[in-house]
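Take a look at the structure set out below.
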Amino acid sequence: PELKSDGEIKLIAVGTLKESKGYDRLLCIIKKLREKKYPICLYILGIGPLQNSLERYVQENDLEKSVCFLGYQTNPYKYMAKCDLFVCASHAEGFSTATTEALILGVPVCTVEVSGMREMLGDSVYGLITDNSEEALYRGIKSLLDAPEILFHYKKQAQVRGKSFSTKETVKAVEKMLLNM
């Protein structure tokens, strides 16, 4: 599948379609934003047990033009790299690999507060962290859509932070840890 190139702001979420990932609340947020006429499209990469109910919600709420399920992709990066904002709506996470990948690709991040995000993003230095609620995430995404200069700032910050995940930097960190043992 291809991403649309119709001037809409492209949001992306990546992960298994299961309850803990918060896709239900993300779809509610997309619905609210579309009702307020924001030109957005959400791309969801992943498969899982909630796929049918999430697709049903999209159909029942006339969001077919605003939400696109891309399924499981062996190369998610070609999609992530073309998006304007990576969103994590999870109720709980370990260390989010998808968020790390977004940063490496220089894609701005808006996430709820879950494990590992402060370590990756600082106190909203490299990406926007909101409280872990639907309303807080909605306000966070909306604030970035309302202020393109802040979204651009987070794009630049993602590029900066993404460099720290390079192989060279990782090896340096491991060497330092081993030398300090």
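Convention: chains lettered A, B, ... in structure tokens order; per-chain residue numbering from 1; ligands numbered from 1 as shown.
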Find the residues around segment 69-82 of chain A up to 7 Å (only C-alpha atoms counted), leave out those fewer than 2 positions away in its own chain, and share them as a PyMOL selection string.
chain A and resi 1+12+43-47+67+84+102+105+107
Writing out the chosen residues with N, CA, C and O atoms as a tab-separated table (two decimals), in the first residue's frame:
```tsv
chain	number	residue	atom	x	y	z
A	1	PRO	N	0.83	-1.21	0.00
A	1	PRO	CA	0.00	0.00	0.00
A	1	PRO	C	0.87	1.26	0.00
A	1	PRO	O	1.96	1.25	0.52
A	12	ILE	N	1.25	8.26	12.33
A	12	ILE	CA	1.47	6.81	12.26
A	12	ILE	C	1.56	6.22	13.66
A	12	ILE	O	2.09	6.86	14.58
A	43	TYR	N	-2.17	6.29	9.89
A	43	TYR	CA	-1.76	5.01	9.35
A	43	TYR	C	-1.41	4.10	10.52
A	43	TYR	O	-0.65	4.50	11.40
A	44	ILE	N	-1.97	2.91	10.51
A	44	ILE	CA	-1.72	1.95	11.57
A	44	ILE	C	-1.01	0.75	10.98
A	44	ILE	O	-1.54	0.07	10.11
A	45	LEU	N	0.20	0.51	11.48
A	45	LEU	CA	0.99	-0.65	11.07
A	45	LEU	C	0.86	-1.72	12.15
A	45	LEU	O	1.21	-1.47	13.30
A	46	GLY	N	0.37	-2.87	11.78
A	46	GLY	CA	0.26	-3.96	12.73
A	46	GLY	C	-0.99	-4.78	12.50
A	46	GLY	O	-1.91	-4.37	11.77
A	47	ILE	N	-1.01	-5.94	13.13
A	47	ILE	CA	-2.18	-6.82	13.12
A	47	ILE	C	-2.40	-7.28	14.55
A	47	ILE	O	-1.53	-7.12	15.40
A	67	VAL	N	-8.35	7.00	8.32
A	67	VAL	CA	-7.61	5.94	9.00
A	67	VAL	C	-7.34	4.84	7.99
A	67	VAL	O	-8.24	4.37	7.30
A	84	ASP	N	4.41	12.49	9.28
A	84	ASP	CA	4.71	13.75	9.94
A	84	ASP	C	4.77	13.64	11.45
A	84	ASP	O	5.34	14.51	12.12
A	102	ALA	N	11.18	5.56	15.25
A	102	ALA	CA	10.71	6.86	14.76
A	102	ALA	C	11.79	7.92	14.96
A	102	ALA	O	12.05	8.72	14.05
A	105	LEU	N	14.56	7.63	12.48
A	105	LEU	CA	14.12	8.12	11.17
A	105	LEU	C	13.87	9.63	11.15
A	105	LEU	O	13.56	10.19	10.11
A	107	VAL	N	11.41	11.20	12.80
A	107	VAL	CA	9.97	11.48	12.82
A	107	VAL	C	9.61	12.00	14.21
A	107	VAL	O	9.91	11.35	15.22
```
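The residue that comes closest to Arg161 of chain A, out of A:Ser5, A:Ser133, A:Ser143, A:Thr99 and on the basis of only C-alpha atoms, is A:Thr99.
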Enumerate the residues of segment 3-178 of chain A with a DSSP assignment of helix (DSSP H, G or I), computed from the backbone, and present them as a PyMOL selection string.
chain A and resi 19-21+23-35+51-60+77-80+97-104+117-121+134-146+148-163+167-178
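Picture a line from atom CA of Glu134 of chain A to atom CA of Ile29 of chain A; it runs 7.3 Å.
Minimum atom-to-atom distance to Ser20 of chain A, evaluated using only C-alpha atoms, belongs to A:Cys88 out of A:Leu145, A:Pro108, A:Glu8, A:Cys88.
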So how many Å separate atom CA of Lys10 of chain A and atom CA of Arg25 of chain A, to one decimal?
17.6 Å
Would you return as a ChimeraX atom specification the members of segment 29-79 of chain A that DSSP assigns to strand (DSSP E) on this structure's backbone?
/A:40-45,67-71
Written file, previous selection with C-alpha atoms, as a compact mmCIF listing (two decimals), in the first residue's frame:
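Full text of result30.txt as output:
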```txt
# COMPACT_ATOMS: atom_id res chain seq x y z
CA ILE A 40 -5.07 14.33 9.01
CA CYS A 41 -4.73 10.69 8.15
CA LEU A 42 -3.69 8.00 10.63
CA TYR A 43 -1.76 5.01 9.35
CA ILE A 44 -1.72 1.95 11.57
CA LEU A 45 0.99 -0.65 11.07
CA VAL A 67 -7.61 5.94 9.00
CA CYS A 68 -5.69 3.37 6.99
CA PHE A 69 -4.77 -0.07 8.30
CA LEU A 70 -1.52 -1.13 6.63
CA GLY A 71 -1.30 -4.51 8.35
```
Tell me, counting only C-alpha atoms, for each residue of segment 111-173 of chain A within 10 Å of segment 31-34 of chain A, which pair of atoms is nearest and how far apart they are in Å to one decimal, in rows ordered by chain and increasing number, as JSON lines.
```
{"residue": "A:Tyr138", "atom": "CA", "partner": "A:Leu33", "partner_atom": "CA", "distance": 8.3}
{"residue": "A:Ile141", "atom": "CA", "partner": "A:Leu33", "partner_atom": "CA", "distance": 9.2}
{"residue": "A:Lys142", "atom": "CA", "partner": "A:Leu33", "partner_atom": "CA", "distance": 7.5}
{"residue": "A:Leu145", "atom": "CA", "partner": "A:Leu33", "partner_atom": "CA", "distance": 9.7}
```
Keeping C-alpha atoms, export the residues of the selection given above as an mmCIF file, in the first residue's frame.
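As a result, out00.cif now contains:
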```
data_model
loop_
_atom_site.group_PDB
_atom_site.id
_atom_site.type_symbol
_atom_site.label_atom_id
_atom_site.label_comp_id
_atom_site.auth_asym_id
_atom_site.auth_seq_id
_atom_site.Cartn_x
_atom_site.Cartn_y
_atom_site.Cartn_z
ATOM 1 C CA TYR A 138 -5.730 14.588 22.216
ATOM 2 C CA ILE A 141 -1.584 16.018 19.196
ATOM 3 C CA LYS A 142 -3.864 19.031 18.665
ATOM 4 C CA LEU A 145 -1.218 20.380 14.642
#
```
Contacts of Ser53 of chain A at 12 Å (only C-alpha atoms; same-chain gap of 6+ positions) as a PyMOL selection string
chain A and resi 17-19+23-24+27+47+59-60
Kindly indicate which residue among A:Ile104, A:Phe95, A:Gly140, A:Ala147 lies nearest to Arg118 of chain A, using only C-alpha atoms for the distances.
A:Phe95
